[in-house]
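The structure under discussion appears below in the form of structure tokens.
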Amino acid sequence: KFSFTAVAYFASASAAGLVAKLAGVLGLWAVVAAAPIIAVVYFAYWTYNQKVEASSAQAEEARRSIEQAKEHVRELSLHIAEQERIRRALQESEERFRSAFDYAAVGMALVAPEGRWLQVNRSLCELLGLSEAELLATDFQSVTHPESLGAALVGVDRLLRGEAPTCQMEMRFMHRTGRPVWTSLSVSAANNSAQESPPLIFQ
């Protein structure tokens with residue numbers, strides 16, 4: 001840039017000096033003869049300035065694009081880090097719930113709204129004399145004593161329709177051997193906004 005500018009200025013000064021000398025000797029005709037040379041030098045210098053300005057504008061645009069890209073990368077990194085933090089927190093929460101659920105001293109289960117067992121813990125399996133696989137292959141109606149089934153269904157129905165926050169009752173289940181097992185049952189809806197009909201928590 002600077003070398004070309006110096007050459008342009010030198011050429012302009014030389015042309016001006018030449019025109020001045022010729023004007024002293026030849027008069028007005030020297031100015032007319034030198035006009036094309038001056039025009040060429042001026043046009044070359046103007047073209048160079050236009051290119052320099054265009055290059056500067058492109059460089060500034062490239063700089064802004066790089067800064068924007070860096071900002072996007074930074075925001076994306078923060079978002080990924082936050083998602084990872086949330087994922088770990090959820091995983092830890094699920095692991096704590098699973099541990100508390102599996103090793104609870106009372107029988108616990110997650111039950112689908114229609115009554116199918118979704119998850120059962122060890123205490124419930126021991127209470128009914130069934131393995132986890134055997135219990136998950138049935139529903140709560142099939143292991144409920146016939147004389148307690150009607151009241152249990154009414155209570156669960158009221159809970160599902162939102163008429164009561166919980167359902168608590170004394171009821172009998174059936175042990176594998178056929179003997180009745182008296183229990184104090186508490187039923188509530190799991191907090192799951194992603195489902196219209198969340199599973200039920202039996203305790």
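Letters A, B, ... mark the chains of the structure tokens in the order given; residue numbers begin at 1 per chain; ligand numbers begin at 1, in order shown.
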Write out as a tab-separated table a residue-level contact list of region 89-114 of chain A versus region 176-184 of chain A with cut-off 12 Å: for each qualifying residue the closest pair of atoms and the distance in Å to one decimal, counting only C-alpha atoms, rows sorted by chain and residue number upward.
```
residue	atom	partner	partner_atom	distance
A:Val106	CA	A:Thr183	CA	10.3
A:Gly107	CA	A:Thr183	CA	9.6
A:Met108	CA	A:Ser184	CA	11.9
```
Could the residues in this selection be written to a file with C-alpha atoms, as a compact mmCIF listing (two decimals), in the first residue's frame?
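The file below, result-v3.txt, is the result:
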```
# COMPACT_ATOMS: atom_id res chain seq x y z
CA VAL A 106 -42.60 -51.34 52.66
CA GLY A 107 -44.03 -52.76 49.48
CA MET A 108 -43.90 -50.21 46.65
```
Running DSSP on the backbone, which parts of region 149-184 of chain A land in alpha helix (DSSP H), as an mmCIF file with N, CA, C and O atoms, in the first residue's frame?
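Writing the result to result03.cif gives the following:
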```cif
data_model
loop_
_atom_site.group_PDB
_atom_site.id
_atom_site.type_symbol
_atom_site.label_atom_id
_atom_site.label_comp_id
_atom_site.auth_asym_id
_atom_site.auth_seq_id
_atom_site.Cartn_x
_atom_site.Cartn_y
_atom_site.Cartn_z
ATOM 1 N N LEU A 149 -61.579 -55.602 46.100
ATOM 2 C CA LEU A 149 -61.335 -55.068 44.764
ATOM 3 C C LEU A 149 -62.239 -53.896 44.430
ATOM 4 O O LEU A 149 -61.787 -52.887 43.871
ATOM 5 N N GLY A 150 -63.521 -53.988 44.775
ATOM 6 C CA GLY A 150 -64.467 -52.920 44.435
ATOM 7 C C GLY A 150 -64.070 -51.589 45.042
ATOM 8 O O GLY A 150 -64.025 -50.561 44.355
ATOM 9 N N ALA A 151 -63.750 -51.581 46.320
ATOM 10 C CA ALA A 151 -63.362 -50.343 46.990
ATOM 11 C C ALA A 151 -62.061 -49.786 46.422
ATOM 12 O O ALA A 151 -61.893 -48.569 46.272
ATOM 13 N N ALA A 152 -61.130 -50.686 46.080
ATOM 14 C CA ALA A 152 -59.852 -50.239 45.514
ATOM 15 C C ALA A 152 -60.065 -49.574 44.162
ATOM 16 O O ALA A 152 -59.485 -48.518 43.868
ATOM 17 N N LEU A 153 -60.916 -50.154 43.316
ATOM 18 C CA LEU A 153 -61.176 -49.589 41.989
ATOM 19 C C LEU A 153 -61.870 -48.227 42.087
ATOM 20 O O LEU A 153 -61.569 -47.313 41.319
ATOM 21 N N VAL A 154 -62.790 -48.094 43.042
ATOM 22 C CA VAL A 154 -63.475 -46.812 43.232
ATOM 23 C C VAL A 154 -62.478 -45.743 43.670
ATOM 24 O O VAL A 154 -62.474 -44.620 43.159
ATOM 25 N N GLY A 155 -61.598 -46.083 44.610
ATOM 26 C CA GLY A 155 -60.611 -45.119 45.087
ATOM 27 C C GLY A 155 -59.647 -44.694 43.997
ATOM 28 O O GLY A 155 -59.333 -43.505 43.847
ATOM 29 N N VAL A 156 -59.174 -45.662 43.193
ATOM 30 C CA VAL A 156 -58.252 -45.340 42.093
ATOM 31 C C VAL A 156 -58.954 -44.497 41.039
ATOM 32 O O VAL A 156 -58.364 -43.557 40.482
ATOM 33 N N ASP A 157 -60.204 -44.801 40.764
ATOM 34 C CA ASP A 157 -60.948 -44.031 39.763
ATOM 35 C C ASP A 157 -61.112 -42.574 40.203
ATOM 36 O O ASP A 157 -60.960 -41.648 39.389
ATOM 37 N N ARG A 158 -61.413 -42.347 41.460
ATOM 38 C CA ARG A 158 -61.541 -40.974 41.976
ATOM 39 C C ARG A 158 -60.211 -40.226 41.866
ATOM 40 O O ARG A 158 -60.164 -39.040 41.550
ATOM 41 N N LEU A 159 -59.131 -40.948 42.115
ATOM 42 C CA LEU A 159 -57.796 -40.357 42.017
ATOM 43 C C LEU A 159 -57.484 -39.978 40.568
ATOM 44 O O LEU A 159 -56.994 -38.873 40.288
ATOM 45 N N LEU A 160 -57.778 -40.859 39.634
ATOM 46 C CA LEU A 160 -57.495 -40.601 38.223
ATOM 47 C C LEU A 160 -58.336 -39.451 37.674
ATOM 48 O O LEU A 160 -57.901 -38.728 36.774
#
```
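Using only C-alpha atoms, the shortest contact distance between Met174 (chain A) and any of A:Ala59, A:Leu118, A:Leu135, A:Val52 is found at A:Leu135.
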Rounded to one decimal place, report the CA of Ser123 (chain A)-CA of Gln91 (chain A) distance in Å.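 These two atoms are separated by 24.0 Å.
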Could you give me, as a list of chain:residue names, the residues within 12 Å of Ala133 (chain A), counting only C-alpha atoms and dropping anything in the same chain fewer than 5 positions from it?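 Everything that qualifies: A:Trp117, A:Leu118, A:Gln119, A:Val120, A:Asn121, A:Arg122, A:Cys125, A:Thr138, A:Asp139.
With only C-alpha atoms as the atoms that count, the minimum distance from Ala112 (chain A) to the choices A:Phe173, A:Phe43, A:Phe202, A:Phe97 is reached by A:Phe202.
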Between CA of Val111 (chain A) and CA of Glu134 (chain A) - distance in Å to one decimal: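 Atom-to-atom, CA of Glu134 (chain A) and CA of Val111 (chain A) are spaced 14.7 Å apart.
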Using only C-alpha atoms, which residue out of A:Ala164, A:Leu127, A:Ala109, A:Ala137 lies closest to Ile201 (chain A)? A:Ala109
